[in-house]
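Report on the following structure.
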Amino acid sequence: MNIIVATGEEITKLVGDQFNEQLDKNPKSVLGMTTGSTPLTLGFFKDWIERSKAGKMDFSEATIINPDELLGLPEGHPETYKVYMEQHFFHGVDVAEERKHIPHSHPDDAEEECRAFEKMLDHVGGVDLQLSGLGGNGHVAFIEPGKELPADTFVVNLEDESRPHDGQFGEGEQVPTQAITVGIGTLLKSRKIVLVAVGEGKADIVKTAFTGPITTEVPASFLQLHPNITVYLDEGSAAKLPENLYTKVSG
Ligand code: GLP
């Protein structure tokens, strides 16, 4: 596990460079995305859109996959990750509809949707480069802590702290209590993973996940097993890690 500590600005550049190189190497790459606040705070999508407009980063042949979606929201609901992706990223780049994949938020049969998602992943040949955040409780994608972790895409019950709270839910609207997420096996099959966690609020979970034992109670701890993962942290999130575990870059 390669852990890099840098400023937010540097992380944005390094992550952008890594995705850029991946696309340069293979324009048909399968890229895994993440939602949450980290990509927005650091401006990843903005950076990629700018690179794309400047002709440096070409998404036109890439396949873009989101590993999770809130379950139960009607199509087009502003809190769906699908809408998040449109709003923050897809509006600014040229990705064909048929190469954007995300579980449906309101499938007729959620179990069938999970199987279909796995099939689609097989069909596209798996994820080349997966971007990931880190949930405060140690979740990755939406794989919540538990006694056991499904290997394949599954319907997960969300912990209270993981449910969307300050979002745009109308009166009487149910806040989602479940999501569809890739399984830990699906995630570990990604050929490369880039995980980003910033801010002091993540310092404890970063330490637990990346220096503690591998346990289903901290799903991110399984990423220690991945042969090609880079973790980007800022000073805040790295505060509790021993210094010998990371490389500090400064720009
Ligand atoms: C959400 C997403 C995750 C994301 C996590 C971290 O719940 N399902 O994929 O990694 O939250 O979010 P944040 O970046 O807001 O801390």
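How things are named: the first chain in the structure tokens is A, the next is B, and so on; residues count from 1 in each chain; ligands count from 1 in the order shown.
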At a cut-off of 6 Å, can you tabulate as JSON lines every residue of chain A near ligand 1 together with its closest atom pair and the distance in Å to one decimal, using only C-alpha atoms and all ligand atoms and ordering rows by chain then number?
```
{"residue": "A:Thr34", "atom": "CA", "partner": "ligand 1", "partner_atom_place_in_ligand_line": "9 (O)", "distance": 5.0}
{"residue": "A:Thr35", "atom": "CA", "partner": "ligand 1", "partner_atom_place_in_ligand_line": "9 (O)", "distance": 5.2}
{"residue": "A:Gly36", "atom": "CA", "partner": "ligand 1", "partner_atom_place_in_ligand_line": "15 (O)", "distance": 3.7}
{"residue": "A:Ser37", "atom": "CA", "partner": "ligand 1", "partner_atom_place_in_ligand_line": "15 (O)", "distance": 3.6}
{"residue": "A:Thr38", "atom": "CA", "partner": "ligand 1", "partner_atom_place_in_ligand_line": "14 (O)", "distance": 3.7}
{"residue": "A:Ser132", "atom": "CA", "partner": "ligand 1", "partner_atom_place_in_ligand_line": "10 (O)", "distance": 5.5}
{"residue": "A:Gly133", "atom": "CA", "partner": "ligand 1", "partner_atom_place_in_ligand_line": "10 (O)", "distance": 3.3}
{"residue": "A:Leu134", "atom": "CA", "partner": "ligand 1", "partner_atom_place_in_ligand_line": "10 (O)", "distance": 4.5}
{"residue": "A:Gly135", "atom": "CA", "partner": "ligand 1", "partner_atom_place_in_ligand_line": "6 (C)", "distance": 4.2}
{"residue": "A:Val140", "atom": "CA", "partner": "ligand 1", "partner_atom_place_in_ligand_line": "10 (O)", "distance": 5.5}
{"residue": "A:Ala141", "atom": "CA", "partner": "ligand 1", "partner_atom_place_in_ligand_line": "9 (O)", "distance": 3.8}
{"residue": "A:Phe142", "atom": "CA", "partner": "ligand 1", "partner_atom_place_in_ligand_line": "8 (N)", "distance": 4.7}
{"residue": "A:Ser162", "atom": "CA", "partner": "ligand 1", "partner_atom_place_in_ligand_line": "7 (O)", "distance": 5.7}
```
How would you write, as an mmCIF file with C-alpha atoms, in the first residue's frame, the set of residues in region 34-227 of chain A that DSSP gives as helix (DSSP H, G or I)?
```cif
data_model
loop_
_atom_site.group_PDB
_atom_site.id
_atom_site.type_symbol
_atom_site.label_atom_id
_atom_site.label_comp_id
_atom_site.auth_asym_id
_atom_site.auth_seq_id
_atom_site.Cartn_x
_atom_site.Cartn_y
_atom_site.Cartn_z
ATOM 1 C CA THR A 38 -14.292 14.507 -0.957
ATOM 2 C CA PRO A 39 -14.208 14.703 -4.791
ATOM 3 C CA LEU A 40 -16.139 17.977 -4.589
ATOM 4 C CA THR A 41 -14.063 19.548 -1.830
ATOM 5 C CA LEU A 42 -10.889 18.750 -3.721
ATOM 6 C CA PHE A 44 -11.515 16.370 -8.875
ATOM 7 C CA PHE A 45 -14.342 16.533 -11.405
ATOM 8 C CA LYS A 46 -13.754 20.223 -12.048
ATOM 9 C CA ASP A 47 -10.100 19.455 -12.721
ATOM 10 C CA TRP A 48 -10.960 16.586 -15.081
ATOM 11 C CA ILE A 49 -13.498 18.715 -16.941
ATOM 12 C CA GLU A 50 -10.881 21.455 -17.368
ATOM 13 C CA ARG A 51 -8.302 18.956 -18.589
ATOM 14 C CA SER A 52 -10.861 17.513 -20.963
ATOM 15 C CA LYS A 53 -11.815 20.966 -22.333
ATOM 16 C CA TYR A 81 -25.733 9.395 -7.119
ATOM 17 C CA LYS A 82 -26.782 9.259 -10.749
ATOM 18 C CA VAL A 83 -27.874 12.901 -10.585
ATOM 19 C CA TYR A 84 -24.725 13.759 -8.576
ATOM 20 C CA MET A 85 -22.600 12.366 -11.408
ATOM 21 C CA GLU A 86 -24.544 14.278 -14.057
ATOM 22 C CA GLN A 87 -24.372 17.523 -12.088
ATOM 23 C CA HIS A 88 -20.756 17.389 -11.083
ATOM 24 C CA PHE A 90 -20.945 14.230 -16.905
ATOM 25 C CA HIS A 91 -22.321 17.633 -17.889
ATOM 26 C CA GLY A 92 -18.772 18.763 -18.662
ATOM 27 C CA GLU A 97 -24.809 7.210 -22.209
ATOM 28 C CA GLU A 98 -24.266 3.511 -22.876
ATOM 29 C CA ARG A 99 -20.845 3.662 -21.260
ATOM 30 C CA ALA A 110 -33.094 -5.206 -6.261
ATOM 31 C CA GLU A 111 -31.501 -8.655 -6.091
ATOM 32 C CA GLU A 112 -31.742 -8.976 -9.855
ATOM 33 C CA GLU A 113 -30.240 -5.498 -10.207
ATOM 34 C CA CYS A 114 -27.225 -6.654 -8.164
ATOM 35 C CA ARG A 115 -26.737 -9.691 -10.389
ATOM 36 C CA ALA A 116 -27.091 -7.547 -13.507
ATOM 37 C CA PHE A 117 -24.463 -5.137 -12.182
ATOM 38 C CA GLU A 118 -21.958 -7.960 -11.674
ATOM 39 C CA LYS A 119 -22.712 -9.233 -15.170
ATOM 40 C CA MET A 120 -22.136 -5.782 -16.616
ATOM 41 C CA LEU A 121 -18.769 -5.586 -14.799
ATOM 42 C CA ASP A 122 -17.753 -8.908 -16.292
ATOM 43 C CA HIS A 123 -18.920 -7.756 -19.685
ATOM 44 C CA VAL A 124 -16.779 -4.586 -19.633
ATOM 45 C CA ASP A 160 -27.482 5.850 10.702
ATOM 46 C CA GLU A 161 -24.340 7.920 10.168
ATOM 47 C CA SER A 162 -24.092 6.853 6.524
ATOM 48 C CA ILE A 184 -15.663 -6.344 -1.213
ATOM 49 C CA GLY A 185 -14.644 -8.979 -3.753
ATOM 50 C CA THR A 186 -15.877 -6.815 -6.613
ATOM 51 C CA LEU A 187 -13.926 -3.850 -5.268
ATOM 52 C CA LEU A 188 -10.727 -5.823 -4.760
ATOM 53 C CA GLU A 200 -8.827 15.656 10.740
ATOM 54 C CA GLY A 201 -12.210 13.993 11.056
ATOM 55 C CA LYS A 202 -10.813 11.013 9.113
ATOM 56 C CA ALA A 203 -7.586 10.629 11.153
ATOM 57 C CA ASP A 204 -8.890 7.856 13.434
ATOM 58 C CA ILE A 205 -10.497 5.766 10.712
ATOM 59 C CA VAL A 206 -7.424 6.140 8.461
ATOM 60 C CA LYS A 207 -5.238 4.767 11.250
ATOM 61 C CA THR A 208 -7.653 1.925 12.053
ATOM 62 C CA ALA A 209 -8.218 0.960 8.431
ATOM 63 C CA PHE A 210 -4.624 1.017 7.243
ATOM 64 C CA THR A 211 -2.597 0.025 10.307
ATOM 65 C CA PRO A 219 -14.360 -2.809 5.386
ATOM 66 C CA ALA A 220 -11.607 -0.445 4.183
ATOM 67 C CA SER A 221 -9.057 -2.571 6.061
ATOM 68 C CA PHE A 222 -9.405 -5.170 3.262
ATOM 69 C CA LEU A 223 -7.748 -2.702 0.919
ATOM 70 C CA GLN A 224 -4.473 -3.499 2.697
ATOM 71 C CA LEU A 225 -4.586 -6.714 0.659
#
```
Fill in: All residues 9 Å or closer to Pro27 (chain A), only C-alpha atoms, same chain fewer than 2 positions away omitted, as a ChimeraX atom specification
/A:22-25,29-30,58-62
Discussion item. Residues near Ser105 (chain A), anyone? I mean within 12 Å using only C-alpha atoms, not counting same-chain ones fewer than 2 positions away, as a ChimeraX atom specification.
Written reply: /A:68-83,102-103,107-110,113-114,155,176,178-181
Using DSSP on the backbone coordinates, identify the residues of region 103-172 of chain A assigned to strand (DSSP E or B); present them as a PDB file with C-alpha atoms, in the first residue's frame.
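part06.pdb written:
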```pdb
ATOM      1  CA  LEU A 129      -8.764   2.286 -12.033  1.00  0.00           C
ATOM      2  CA  GLN A 130     -11.142   2.800  -9.127  1.00  0.00           C
ATOM      3  CA  LEU A 131     -11.414   6.070  -7.195  1.00  0.00           C
ATOM      4  CA  SER A 132     -12.595   5.648  -3.616  1.00  0.00           C
ATOM      5  CA  VAL A 140     -15.730   1.905   1.073  1.00  0.00           C
ATOM      6  CA  ILE A 143     -19.847  -1.674   2.079  1.00  0.00           C
ATOM      7  CA  PHE A 154     -25.536  -6.609  -2.748  1.00  0.00           C
ATOM      8  CA  VAL A 155     -28.275  -4.647  -1.026  1.00  0.00           C
ATOM      9  CA  VAL A 156     -26.864  -3.089   2.125  1.00  0.00           C
ATOM     10  CA  ASN A 157     -28.626  -1.641   5.157  1.00  0.00           C
TER      11      ASN A 157
END
```
Worksheet item: What is the CA of Ala238 (chain A) to CA of Glu9 (chain A) distance in Å?
Response: 15.7 Å
Worksheet item: If we count only C-alpha atoms, what is near Val198 (chain A) at a cut-off of 7 Å, once residues fewer than 3 positions away on the same chain are taken out, given as a PyMOL selection string?
Response: chain A and resi 202+233-234+236-237
Output file for the selection above: C-alpha atoms, as a PDB file, in the first residue's frame:
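This is the output file selection.pdb:
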```
ATOM      1  CA  LYS A 202     -10.813  11.013   9.113  1.00  0.00           C
ATOM      2  CA  LEU A 233      -4.085  11.861   2.619  1.00  0.00           C
ATOM      3  CA  ASP A 234      -3.636  15.423   3.779  1.00  0.00           C
ATOM      4  CA  GLY A 236      -5.218  16.226   8.889  1.00  0.00           C
ATOM      5  CA  SER A 237      -6.234  12.709   7.908  1.00  0.00           C
TER       6      SER A 237
END
```
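Proximity to Gly55 (chain A) was assessed for A:Thr215, A:Asn26, A:Ser250, A:Asn20 counting only C-alpha atoms; the smallest distance is recorded for A:Asn20.
Picture a line from CA of Pro150 (chain A) to CA of Thr216 (chain A); it runs 9.9 Å.
Restricting the calculation to only C-alpha atoms, the smallest distance between Thr177 (chain A) and any of A:Gly125, A:Pro164, A:Gly146, A:Gly16 is found for A:Pro164.
Of the residues under consideration (A:Ala151, A:Glu159, A:His165, A:Met57), A:Met57 shows the shortest atom-to-atom contact distance to Gln18 (chain A) when counting only C-alpha atoms.
Interatomic distance, CA of Thr12 (chain A) to CA of Tyr232 (chain A): 9.5 Å.
Residue nearest Lys56 (chain A), chosen from A:Met33, A:Val5, A:Val93, A:Leu241 and counting only C-alpha atoms: A:Val93.
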